[in-house]
>>> print(open('query.cif').read())   # mmCIF, C-alpha atoms and all ligand atoms
data_final
#
loop_
_atom_site.label_atom_id
_atom_site.label_comp_id
_atom_site.auth_asym_id
_atom_site.auth_seq_id
_atom_site.Cartn_x
_atom_site.Cartn_y
_atom_site.Cartn_z
CA SER N 1 19.67 -9.32 -24.92
CA SER N 2 19.64 -7.76 -28.39
CA ASP N 3 16.01 -6.60 -28.22
CA LEU N 4 15.64 -2.96 -27.31
CA VAL N 5 13.86 -2.11 -24.07
CA GLY N 6 12.04 1.24 -23.96
CA PHE N 7 12.23 3.51 -20.92
CA ILE N 8 10.13 6.66 -20.59
CA GLY N 9 10.56 8.99 -17.58
CA LEU N 10 14.17 9.38 -16.45
CA GLY N 11 13.77 11.31 -13.18
CA ASN N 12 15.04 10.60 -9.68
CA MET N 13 13.89 6.97 -9.99
CA GLY N 14 13.74 6.26 -13.72
CA LEU N 15 17.33 7.21 -14.50
CA PRO N 16 18.98 4.87 -11.97
CA MET N 17 16.51 2.11 -12.91
CA ALA N 18 17.40 2.51 -16.59
CA ARG N 19 21.09 2.47 -15.68
CA ASN N 20 20.68 -0.89 -13.95
CA LEU N 21 19.04 -2.39 -17.04
CA MET N 22 21.96 -1.17 -19.16
CA ALA N 23 24.53 -2.38 -16.64
CA LYS N 24 22.89 -5.82 -16.85
CA GLY N 25 23.17 -6.05 -20.61
CA HIS N 26 20.00 -4.46 -22.04
CA ARG N 27 20.07 -1.95 -24.85
CA LEU N 28 17.70 0.91 -24.10
CA VAL N 29 15.75 3.41 -26.15
CA VAL N 30 14.69 6.27 -23.88
CA TYR N 31 12.58 9.41 -23.69
CA ASP N 32 11.98 12.21 -21.17
CA THR N 33 10.61 15.72 -21.73
CA VAL N 34 13.72 17.09 -19.98
CA LYS N 35 16.71 16.88 -22.31
CA THR N 36 19.38 16.76 -19.59
CA GLN N 37 17.79 13.57 -18.26
CA VAL N 38 17.91 11.98 -21.72
CA ASP N 39 21.52 13.11 -22.16
CA ALA N 40 22.48 11.43 -18.88
CA ALA N 41 21.06 8.09 -20.09
CA VAL N 42 22.64 8.51 -23.53
CA SER N 43 26.05 9.07 -21.96
CA ASP N 44 25.63 5.59 -20.45
CA GLY N 45 24.80 4.05 -23.82
CA ALA N 46 21.05 4.53 -24.31
CA ILE N 47 19.51 5.54 -27.64
CA ALA N 48 17.48 8.78 -27.50
CA ALA N 49 13.97 8.80 -28.95
CA THR N 50 12.03 11.95 -29.86
CA GLY N 51 8.81 10.87 -28.14
CA PRO N 52 6.82 7.92 -26.73
CA SER N 53 5.64 6.77 -30.17
CA GLU N 54 9.28 6.60 -31.34
CA VAL N 55 10.09 4.43 -28.33
CA ALA N 56 7.13 2.17 -29.15
CA LYS N 57 8.27 1.74 -32.75
CA GLN N 58 11.66 0.43 -31.60
CA ALA N 59 10.92 -1.53 -28.41
CA THR N 60 8.46 -4.32 -27.59
CA THR N 61 8.97 -4.02 -23.85
CA ILE N 62 8.44 -0.51 -22.47
CA CYS N 63 8.81 0.74 -18.89
CA THR N 64 7.30 4.05 -17.82
CA MET N 65 8.34 5.91 -14.64
CA LEU N 66 6.34 9.16 -14.59
CA PRO N 67 5.14 11.50 -11.82
CA ALA N 68 1.35 11.00 -11.80
CA SER N 69 -1.76 9.74 -13.64
CA GLN N 70 -2.02 12.65 -16.05
CA HIS N 71 1.55 12.08 -17.29
CA VAL N 72 0.90 8.37 -17.72
CA ARG N 73 -2.33 9.03 -19.65
CA ASP N 74 -0.50 11.54 -21.81
CA VAL N 75 2.43 9.23 -22.57
CA TYR N 76 0.13 6.28 -23.37
CA THR N 77 -2.84 7.89 -25.13
CA SER N 78 -1.83 11.24 -26.68
CA PRO N 79 -1.43 11.49 -30.49
CA GLY N 80 2.35 10.97 -30.13
CA GLY N 81 1.82 8.43 -27.36
CA ILE N 82 2.69 4.76 -26.99
CA PHE N 83 -0.66 3.45 -28.28
CA SER N 84 -0.33 5.48 -31.49
CA ALA N 85 2.57 3.30 -32.63
CA VAL N 86 2.79 0.26 -30.34
CA GLN N 87 3.73 -3.09 -31.87
CA SER N 88 1.30 -5.95 -31.40
CA GLY N 89 2.34 -8.25 -28.55
CA SER N 90 4.32 -5.59 -26.70
CA LEU N 91 4.60 -5.62 -22.90
CA LEU N 92 3.92 -2.27 -21.20
CA ILE N 93 5.14 -1.97 -17.61
CA ASP N 94 4.08 1.15 -15.72
CA CYS N 95 6.25 1.65 -12.63
CA SER N 96 4.73 5.05 -11.71
CA THR N 97 2.46 5.41 -8.68
CA ILE N 98 -0.99 6.32 -10.07
CA ASP N 99 -4.63 5.73 -9.15
CA ARG N 100 -5.99 2.25 -9.52
CA ASP N 101 -8.76 3.25 -11.96
CA SER N 102 -6.29 4.81 -14.41
CA ALA N 103 -4.18 1.64 -14.25
CA ILE N 104 -7.24 -0.50 -15.02
CA GLU N 105 -8.18 1.83 -17.88
CA MET N 106 -4.66 1.63 -19.36
CA SER N 107 -4.82 -2.17 -19.12
CA GLU N 108 -8.10 -2.17 -21.08
CA LEU N 109 -6.67 0.12 -23.76
CA ALA N 110 -3.62 -2.15 -23.94
CA LYS N 111 -5.88 -5.14 -24.60
CA GLU N 112 -7.64 -3.24 -27.41
CA ASN N 113 -4.21 -2.61 -28.93
CA ASN N 114 -3.23 -6.31 -28.73
CA THR N 115 -0.63 -5.58 -26.06
CA GLN N 116 -0.15 -6.48 -22.39
CA TYR N 117 -0.07 -3.96 -19.54
CA ILE N 118 0.96 -4.47 -15.96
CA ASP N 119 0.96 -1.96 -13.10
CA ALA N 120 4.31 -2.27 -11.34
CA PRO N 121 4.82 0.56 -8.83
CA VAL N 122 7.94 0.38 -6.68
CA SER N 123 9.18 1.00 -3.17
CA GLY N 124 12.62 1.61 -1.72
CA GLY N 125 13.54 5.13 -2.80
CA VAL N 126 16.42 6.42 -4.89
CA GLY N 127 18.97 4.37 -2.93
CA ALA N 128 17.21 1.09 -3.76
CA ALA N 129 16.69 2.22 -7.37
CA THR N 130 20.43 2.93 -7.67
CA ASN N 131 21.46 -0.37 -6.10
CA GLY N 132 18.89 -2.54 -7.89
CA LEU N 133 17.10 -3.34 -4.64
CA LEU N 134 13.59 -2.07 -5.30
CA THR N 135 10.41 -3.87 -4.29
CA PHE N 136 7.92 -4.17 -7.19
CA MET N 137 4.17 -4.57 -6.61
CA LEU N 138 2.55 -6.03 -9.72
CA GLY N 139 -1.08 -6.01 -10.78
CA GLY N 140 -2.06 -7.99 -13.88
CA PRO N 141 -2.69 -11.45 -15.31
CA ASP N 142 -0.38 -14.37 -14.41
CA ASP N 143 1.25 -14.57 -17.85
CA CYS N 144 2.01 -10.86 -17.75
CA TYR N 145 3.60 -11.22 -14.32
CA GLU N 146 5.77 -14.12 -15.51
CA ARG N 147 6.83 -12.14 -18.57
CA ALA N 148 7.70 -8.95 -16.65
CA LYS N 149 9.46 -10.60 -13.70
CA PRO N 150 12.90 -11.37 -15.21
CA LEU N 151 13.32 -7.78 -16.39
CA LEU N 152 12.14 -6.28 -13.10
CA GLU N 153 14.51 -8.54 -11.15
CA LYS N 154 17.34 -6.60 -12.79
CA MET N 155 16.11 -3.47 -10.98
CA GLY N 156 14.74 -4.96 -7.78
CA LYS N 157 15.14 -7.73 -5.23
CA ASN N 158 11.42 -8.38 -4.68
CA VAL N 159 8.76 -8.77 -7.37
CA PHE N 160 5.36 -9.45 -5.77
CA HIS N 161 2.23 -10.43 -7.68
CA CYS N 162 -0.53 -8.56 -5.83
CA GLY N 163 -3.51 -9.52 -8.00
CA GLU N 164 -5.29 -8.29 -11.13
CA ASN N 165 -4.63 -4.94 -12.80
CA GLY N 166 -4.86 -2.15 -10.23
CA ALA N 167 -3.87 -4.38 -7.30
CA GLY N 168 -0.23 -3.27 -7.59
CA GLN N 169 -1.31 0.36 -7.27
CA ALA N 170 -3.67 -0.43 -4.38
CA THR N 171 -0.84 -2.18 -2.52
CA LYS N 172 1.52 0.73 -3.18
CA ILE N 173 -0.75 3.38 -1.67
CA CYS N 174 -1.28 1.21 1.40
CA ASN N 175 2.50 1.11 1.80
CA ASN N 176 2.94 4.82 1.22
CA MET N 177 0.19 5.87 3.61
CA LEU N 178 2.02 3.93 6.32
CA LEU N 179 5.36 5.39 5.20
CA ALA N 180 4.03 8.96 5.55
CA ILE N 181 2.60 8.26 8.99
CA GLU N 182 5.89 6.71 10.12
CA MET N 183 7.98 9.54 8.69
CA ILE N 184 5.90 12.16 10.48
CA GLY N 185 6.03 10.12 13.69
CA THR N 186 9.78 9.62 13.47
CA SER N 187 10.28 13.36 12.91
CA GLU N 188 8.05 14.29 15.87
CA VAL N 189 9.91 11.90 18.12
CA LEU N 190 13.42 13.00 17.12
CA LEU N 191 12.50 16.64 17.69
CA MET N 192 11.02 15.82 21.08
CA ALA N 193 14.08 13.75 21.95
CA GLN N 194 16.27 16.82 21.48
CA ASN N 195 13.89 18.95 23.53
CA LEU N 196 14.37 16.33 26.25
CA GLY N 197 18.12 16.79 26.01
CA LEU N 198 18.78 13.53 24.11
CA ASP N 199 21.19 13.02 21.21
CA PRO N 200 19.07 12.22 18.11
CA LYS N 201 21.75 9.87 16.75
CA LEU N 202 21.88 7.78 19.91
CA CYS N 203 18.09 7.92 20.30
CA SER N 204 17.72 6.66 16.69
CA LYS N 205 20.18 3.86 17.38
CA VAL N 206 18.13 2.74 20.37
CA ILE N 207 14.84 2.97 18.43
CA ASN N 208 16.37 0.96 15.58
CA ALA N 209 17.03 -1.85 18.04
CA SER N 210 13.61 -1.44 19.68
CA SER N 211 9.91 -1.60 18.89
CA GLY N 212 9.72 1.91 17.41
CA ARG N 213 11.98 0.87 14.54
CA SER N 214 10.92 1.69 10.95
CA TRP N 215 12.44 2.31 7.52
CA SER N 216 11.96 6.03 8.18
CA CYS N 217 14.23 5.80 11.21
CA ASP N 218 16.79 3.14 10.23
CA THR N 219 17.22 3.72 6.47
CA TYR N 220 15.99 7.24 5.69
CA ASN N 221 16.42 9.13 8.95
CA PRO N 222 14.90 12.64 8.63
CA CYS N 223 17.15 14.35 11.23
CA PRO N 224 20.25 15.98 9.69
CA GLY N 225 23.49 14.44 10.93
CA VAL N 226 22.07 11.08 11.99
CA MET N 227 22.82 9.26 8.69
CA GLU N 228 24.96 9.88 5.61
CA ASN N 229 23.73 9.55 2.04
CA VAL N 230 20.10 10.36 2.80
CA PRO N 231 18.20 13.51 1.75
CA SER N 232 18.33 14.95 5.31
CA SER N 233 22.14 15.10 4.99
CA ARG N 234 21.92 17.22 1.81
CA ASN N 235 19.27 19.80 2.66
CA TYR N 236 16.49 17.38 1.56
CA GLU N 237 17.48 17.51 -2.13
CA GLY N 238 16.67 14.60 -4.48
CA GLY N 239 14.80 11.62 -3.08
CA PHE N 240 10.99 11.44 -3.04
CA GLY N 241 9.33 14.81 -3.46
CA THR N 242 6.88 16.16 -0.88
CA GLY N 243 4.53 16.96 -3.79
CA LEU N 244 4.63 13.29 -4.85
CA MET N 245 3.90 12.15 -1.28
CA ARG N 246 0.92 14.53 -1.20
CA LYS N 247 -0.27 12.89 -4.45
CA ASP N 248 0.01 9.41 -2.90
CA LEU N 249 -1.79 10.47 0.30
CA THR N 250 -4.55 12.01 -1.82
CA LEU N 251 -4.89 8.69 -3.67
CA ALA N 252 -4.92 6.87 -0.34
CA GLN N 253 -7.70 9.07 1.05
CA ALA N 254 -9.76 8.59 -2.12
CA ALA N 255 -9.26 4.83 -1.72
CA ALA N 256 -10.25 5.07 1.96
CA VAL N 257 -13.48 6.88 1.12
CA GLY N 258 -14.24 4.50 -1.76
CA SER N 259 -13.71 1.43 0.40
CA LYS N 260 -15.35 2.91 3.54
CA SER N 261 -12.12 2.55 5.54
CA VAL N 262 -11.50 4.57 8.71
CA THR N 263 -8.05 6.21 8.39
CA PRO N 264 -7.64 9.09 10.87
CA LEU N 265 -3.85 9.09 10.68
CA GLY N 266 -3.88 8.83 6.87
CA ALA N 267 -6.14 11.90 6.80
CA MET N 268 -3.86 13.76 9.22
CA ALA N 269 -0.80 12.83 7.15
CA LEU N 270 -2.43 14.28 4.03
CA HIS N 271 -3.27 17.46 5.96
CA ILE N 272 0.36 17.85 7.05
CA TYR N 273 1.76 17.20 3.56
CA ASN N 274 -0.74 19.69 2.11
CA LEU N 275 0.48 22.31 4.58
CA MET N 276 4.09 21.57 3.65
CA CYS N 277 3.34 22.09 -0.04
CA GLN N 278 1.76 25.46 0.82
CA HIS N 279 4.90 26.43 2.76
CA GLY N 280 7.53 25.90 0.06
CA PHE N 281 8.43 22.24 0.70
CA GLU N 282 6.86 20.78 -2.46
CA LYS N 283 10.16 20.10 -4.26
CA LYS N 284 12.03 18.95 -1.15
CA ASP N 285 12.28 15.30 -0.16
CA PHE N 286 9.31 14.14 1.93
CA SER N 287 11.53 13.61 5.00
CA SER N 288 11.68 17.43 5.22
CA VAL N 289 8.55 17.08 7.37
CA TYR N 290 11.21 17.09 10.10
CA LYS N 291 12.29 20.60 9.02
CA PHE N 292 8.65 21.71 8.75
CA LEU N 293 7.86 20.53 12.28
CA GLU N 294 11.10 22.03 13.59
CA GLN N 295 9.94 25.42 12.30
CA GLU N 296 6.60 24.91 14.06
CA ASN N 297 8.33 23.91 17.31
P1 LIG V 1 10.61 12.71 -10.92
O1 LIG V 1 9.72 13.88 -10.97
O2 LIG V 1 12.00 12.83 -10.38
O3 LIG V 1 10.75 12.06 -12.40
C1 LIG V 1 9.70 12.00 -13.33
C2 LIG V 1 10.30 12.16 -14.73
O4 LIG V 1 9.24 12.06 -15.69
C3 LIG V 1 10.95 13.53 -14.93
O5 LIG V 1 12.27 13.38 -15.42
C4 LIG V 1 10.03 14.21 -15.94
O6 LIG V 1 10.72 15.10 -16.80
C5 LIG V 1 9.49 13.02 -16.69
N1 LIG V 1 8.24 13.32 -17.41
C6 LIG V 1 7.16 14.00 -16.98
N2 LIG V 1 6.22 14.04 -17.94
C7 LIG V 1 6.72 13.37 -19.00
C8 LIG V 1 6.22 13.07 -20.29
N3 LIG V 1 5.00 13.47 -20.68
N4 LIG V 1 7.01 12.36 -21.13
C9 LIG V 1 8.25 11.94 -20.75
N5 LIG V 1 8.76 12.20 -19.53
C10 LIG V 1 8.01 12.91 -18.67
O7 LIG V 1 9.80 11.59 -10.12
P2 LIG V 1 10.39 10.27 -9.42
O8 LIG V 1 10.79 10.61 -8.04
O9 LIG V 1 11.34 9.60 -10.34
O10 LIG V 1 9.05 9.41 -9.30
C11 LIG V 1 8.43 8.79 -10.41
C12 LIG V 1 7.26 7.96 -9.91
O11 LIG V 1 7.73 6.97 -8.99
C13 LIG V 1 6.18 8.76 -9.17
O12 LIG V 1 4.92 8.24 -9.48
C14 LIG V 1 6.54 8.53 -7.71
O13 LIG V 1 5.40 8.67 -6.88
C15 LIG V 1 7.06 7.12 -7.75
N6 LIG V 1 8.04 6.75 -6.70
C16 LIG V 1 9.06 7.59 -6.36
C17 LIG V 1 9.97 7.20 -5.38
C18 LIG V 1 11.11 8.09 -4.96
O14 LIG V 1 11.75 7.79 -3.94
N7 LIG V 1 11.45 9.16 -5.67
C19 LIG V 1 9.85 5.95 -4.77
C20 LIG V 1 8.83 5.10 -5.16
C21 LIG V 1 7.92 5.52 -6.13
#
>>> encode(input="query.cif", output="C-alpha cells", more="lines below")
Ligand code: NAD
Amino acid sequence: SSDLVGFIGLGNMGLPMARNLMAKGHRLVVYDTVKTQVDAAVSDGAIAATGPSEVAKQATTICTMLPASQHVRDVYTSPGGIFSAVQSGSLLIDCSTIDRDSAIEMSELAKENNTQYIDAPVSGGVGAATNGLLTFMLGGPDDCYERAKPLLEKMGKNVFHCGENGAGQATKICNNMLLAIEMIGTSEVLLMAQNLGLDPKLCSKVINASSGRSWSCDTYNPCPGVMENVPSSRNYEGGFGTGLMRKDLTLAQAAAVGSKSVTPLGAMALHIYNLMCQHGFEKKDFSSVYKFLEQEN
C-alpha cells in the first residue's frame, strides 16, 4: 500500500509490530521519545517523525503502542499531539493496555475531530509480536472494526470484536488478571516441585500434558532452564515488565470494585506484584515472580 501508516511507541511490543507491517508492504512514519527505538525502525525503512502531530500530518491510519493511560492521553491530546493535526477521516488504533474510561474518552474526542478510534489491546507477548501472532481485542463500532481488521491481521492471528469502545480494554484486563494468577501459581508450583526433589523441566512437561497446563507453563515458563527464548532464560530481560503487570492488575482491581466483582486472587496478585516493584523487580519481565518467590523460599 502506498498510504503511510503511522506508528507511535516503538518499545518491546511496538517495534516488532511495526516491523511486521513493513515486512508486509506498508510504509511507516514513526515516533518514540527514545531515539534509539526510532533509529531501529528507520534502519528497517521507516520514516522518522519529530512528534505525534507530525505523524498525524502524514498518515491517516495511526497505531499507538504506549505504556499506560497518561502516555496515551499525552500523545493524543497534548499541544503537539495527534488531535492537534489529525486529518479528517483518519483511523486511530490504540493497542496499549489502558483503563476503559480513558479509551471511551479518546473515542469521544476522536468523534469531535471527525476521526475514528478503536481500542485494540493485544495479548501474546514479545514472541507473538515478533512472529505476527498476536491476539487483538477490539472495542468500537462495527465499521471501525471492519476498517482496522485487515491491518491488524498483518500483526496478529486473531482479531476479536469485543463490543463498543472500552470493551477491548475490559476484555484485556480480564485476560491479564488471569495471566498474573497463573504465572504466580506456576512459579509456586515449580519451586515446590524442586523442594520435593522433582526436575522442573520434567514436571513442566507433565503439567503441559495435564490439567494444570497454561500459557505461563507451556509458552513462557518462569523457571530458568526449562525453555529457551523466554525471559527466564535471559535473566528476565525484555518481555512484559513487572511494572506494566502491576498497572494491569491495578486496572483490574478498579474494574472489580466498580463492577462489584469478588476477586480474591486478583487482589492477591496485585499485592504480590506491588511487593515485587518495591523490591527492585519493576523493570524485569513479570515471570520474575519466580525469582521473587525463590528469594522468599
Ligand atoms: P515498553 O515500555 O517496552 O514500550 C513503550 C514505548 O513507548 C517506549 O519505547 C517508550 O519510549 C514509548 N513512549 C512512552 N511515552 C511516549 C510518548 N509520549 N511518545 C512516544 N513514545 C512514547 O512497553 P511494551 O512492553 O511495548 O508495552 C506497551 C503496551 O502494551 C503496554 O500498555 C503494555 O501493558 C501492553 N502489552 C505489553 C505486552 C508485552 O509482552 N510487553 C503484551 C501485551 C500488552
>>> residues_near_ligand(input="query.cif", ligand="ligand LIG 1 (chain V)", cutoff="7 Å", atoms="only C-alpha atoms and all ligand atoms", output="PyMOL selection string")
chain N and resi 8-14+31-34+37+65-68+71+74-75+95-98+121-126+239-241+244-245+248
>>> residues_around(input="query.cif", residues="stretch 22-29 of chain N", least_positions_apart="4", cutoff="7 Å", atoms="only C-alpha atoms", output="JSON, numbers by chain")
{"N": [1, 2, 4, 5, 6, 7, 18, 46, 47, 48, 49, 55, 154]}
>>> closest_residue(input="query.cif", among="N:Ala85, N:Ala167, N:Cys144, N:Leu249", to="N:Ile104", atoms="only C-alpha atoms")
N:Ala167
>>> atom_distance(input="query.cif", atom1="atom CA of N:Pro52", atom2="atom CA of N:Ala252")
28.9 Å
>>> closest_residue(input="query.cif", among="N:Glu182, N:Asp94, N:Asp3, N:Glu146", to="N:Trp215", atoms="only C-alpha atoms")
N:Glu182
>>> atom_distance(input="query.cif", atom1="atom CA of N:Asp44", atom2="atom CA of N:Met17")
12.3 Å
>>> closest_residue(input="query.cif", among="N:Ala128, N:Val189, N:Leu91, N:Met106", to="N:Asp143", atoms="only C-alpha atoms")
N:Leu91
>>> closest_residue(input="query.cif", among="N:Asn235, N:Ser187, N:Ala180, N:Gly212", to="N:His271", atoms="all atoms listed in the file")
N:Ala180
>>> residues_near_point(input="query.cif", point="(1.7, 5.6, -29.2)", cutoff="9 Å", atoms="only C-alpha atoms", output="MDAnalysis selection string")
chainID N and resid 51:57 75:86
>>> closest_residue(input="query.cif", among="N:Gly89, N:Pro264, N:Gly156, N:Gly166", to="N:Ser102", atoms="all atoms listed in the file")
N:Gly166
>>> closest_residue(input="query.cif", among="N:Ala41, N:Ile181, N:Asp119, N:Ala269", to="N:Asp101", atoms="only C-alpha atoms")
N:Asp119
>>> residues_around(input="query.cif", residues="N:Lys201", least_positions_apart="4", cutoff="10 Å", atoms="all atoms listed in the file", output="list in words")
Leu190, Lys205, Val206, Ile207, Asn221, Cys223, Pro224, Gly225, Val226 and Met227 of chain N
>>> atom_distance(input="query.cif", atom1="atom CA of N:Lys284", atom2="atom CA of N:Ser210")
29.2 Å
>>> residues_around(input="query.cif", residues="N:Phe160", least_positions_apart="5", cutoff="10 Å", atoms="only C-alpha atoms", output="JSON, numbers by chain")
{"N": [120, 135, 136, 137, 138, 139, 145, 149, 168]}
>>> write_last_selection(input="query.cif", atoms="C-alpha atoms", output="mmCIF file, keeping the file's coordinate frame")
data_model
loop_
_atom_site.group_PDB
_atom_site.id
_atom_site.type_symbol
_atom_site.label_atom_id
_atom_site.label_comp_id
_atom_site.auth_asym_id
_atom_site.auth_seq_id
_atom_site.Cartn_x
_atom_site.Cartn_y
_atom_site.Cartn_z
ATOM 1 C CA ALA N 120 4.310 -2.270 -11.340
ATOM 2 C CA THR N 135 10.410 -3.870 -4.290
ATOM 3 C CA PHE N 136 7.920 -4.170 -7.190
ATOM 4 C CA MET N 137 4.170 -4.570 -6.610
ATOM 5 C CA LEU N 138 2.550 -6.030 -9.720
ATOM 6 C CA GLY N 139 -1.080 -6.010 -10.780
ATOM 7 C CA TYR N 145 3.600 -11.220 -14.320
ATOM 8 C CA LYS N 149 9.460 -10.600 -13.700
ATOM 9 C CA GLY N 168 -0.230 -3.270 -7.590
#
>>> build_atoms(input="query.cif", residues="stretch 154-177 of chain N", atoms="N, CA and C atoms", output="mmCIF file, keeping the file's coordinate frame")
data_model
loop_
_atom_site.group_PDB
_atom_site.id
_atom_site.type_symbol
_atom_site.label_atom_id
_atom_site.label_comp_id
_atom_site.auth_asym_id
_atom_site.auth_seq_id
_atom_site.Cartn_x
_atom_site.Cartn_y
_atom_site.Cartn_z
ATOM 1 N N LYS N 154 16.078 -7.303 -12.545
ATOM 2 C CA LYS N 154 17.340 -6.600 -12.790
ATOM 3 C C LYS N 154 17.353 -5.219 -12.122
ATOM 4 N N MET N 155 16.186 -4.776 -11.640
ATOM 5 C CA MET N 155 16.110 -3.470 -10.980
ATOM 6 C C MET N 155 15.689 -3.612 -9.513
ATOM 7 N N GLY N 156 15.263 -4.797 -9.135
ATOM 8 C CA GLY N 156 14.740 -4.960 -7.780
ATOM 9 C C GLY N 156 15.033 -6.332 -7.192
ATOM 10 N N LYS N 157 14.887 -6.444 -5.880
ATOM 11 C CA LYS N 157 15.140 -7.730 -5.230
ATOM 12 C C LYS N 157 13.839 -8.469 -4.911
ATOM 13 N N ASN N 158 12.718 -7.737 -4.925
ATOM 14 C CA ASN N 158 11.420 -8.380 -4.680
ATOM 15 C C ASN N 158 10.452 -8.015 -5.795
ATOM 16 N N VAL N 159 9.804 -9.029 -6.363
ATOM 17 C CA VAL N 159 8.760 -8.770 -7.370
ATOM 18 C C VAL N 159 7.515 -9.536 -6.919
ATOM 19 N N PHE N 160 6.573 -8.807 -6.305
ATOM 20 C CA PHE N 160 5.360 -9.450 -5.770
ATOM 21 C C PHE N 160 4.215 -9.361 -6.766
ATOM 22 N N HIS N 161 3.452 -10.452 -6.877
ATOM 23 C CA HIS N 161 2.230 -10.430 -7.680
ATOM 24 C C HIS N 161 1.068 -10.171 -6.722
ATOM 25 N N CYS N 162 0.473 -8.975 -6.815
ATOM 26 C CA CYS N 162 -0.530 -8.560 -5.830
ATOM 27 C C CYS N 162 -1.960 -8.864 -6.250
ATOM 28 N N GLY N 163 -2.158 -9.232 -7.521
ATOM 29 C CA GLY N 163 -3.510 -9.520 -8.000
ATOM 30 C C GLY N 163 -3.697 -9.007 -9.412
ATOM 31 N N GLU N 164 -4.958 -8.768 -9.776
ATOM 32 C CA GLU N 164 -5.290 -8.290 -11.130
ATOM 33 C C GLU N 164 -4.839 -6.840 -11.317
ATOM 34 N N ASN N 165 -5.014 -6.324 -12.525
ATOM 35 C CA ASN N 165 -4.630 -4.940 -12.800
ATOM 36 C C ASN N 165 -5.243 -3.996 -11.771
ATOM 37 N N GLY N 166 -4.429 -3.089 -11.258
ATOM 38 C CA GLY N 166 -4.860 -2.150 -10.230
ATOM 39 C C GLY N 166 -4.421 -2.581 -8.839
ATOM 40 N N ALA N 167 -4.229 -3.889 -8.642
ATOM 41 C CA ALA N 167 -3.870 -4.380 -7.300
ATOM 42 C C ALA N 167 -2.450 -3.951 -6.903
ATOM 43 N N GLY N 168 -1.578 -3.784 -7.889
ATOM 44 C CA GLY N 168 -0.230 -3.270 -7.590
ATOM 45 C C GLY N 168 -0.328 -1.858 -7.050
ATOM 46 N N GLN N 169 -1.134 -1.039 -7.710
ATOM 47 C CA GLN N 169 -1.310 0.360 -7.270
ATOM 48 C C GLN N 169 -1.985 0.417 -5.898
ATOM 49 N N ALA N 170 -2.974 -0.426 -5.678
ATOM 50 C CA ALA N 170 -3.670 -0.430 -4.380
ATOM 51 C C ALA N 170 -2.690 -0.782 -3.266
ATOM 52 N N THR N 171 -1.826 -1.773 -3.526
ATOM 53 C CA THR N 171 -0.840 -2.180 -2.520
ATOM 54 C C THR N 171 0.140 -1.029 -2.250
ATOM 55 N N LYS N 172 0.546 -0.369 -3.314
ATOM 56 C CA LYS N 172 1.520 0.730 -3.180
ATOM 57 C C LYS N 172 0.994 1.877 -2.311
ATOM 58 N N ILE N 173 -0.273 2.260 -2.500
ATOM 59 C CA ILE N 173 -0.750 3.380 -1.670
ATOM 60 C C ILE N 173 -0.964 2.969 -0.220
ATOM 61 N N CYS N 174 -1.242 1.679 0.003
ATOM 62 C CA CYS N 174 -1.280 1.210 1.400
ATOM 63 C C CYS N 174 0.107 1.383 2.020
ATOM 64 N N ASN N 175 1.128 0.953 1.289
ATOM 65 C CA ASN N 175 2.500 1.110 1.800
ATOM 66 C C ASN N 175 2.820 2.580 2.055
ATOM 67 N N ASN N 176 2.501 3.431 1.084
ATOM 68 C CA ASN N 176 2.940 4.820 1.220
ATOM 69 C C ASN N 176 2.173 5.606 2.268
ATOM 70 N N MET N 177 0.914 5.218 2.514
ATOM 71 C CA MET N 177 0.190 5.870 3.610
ATOM 72 C C MET N 177 0.898 5.557 4.929
#
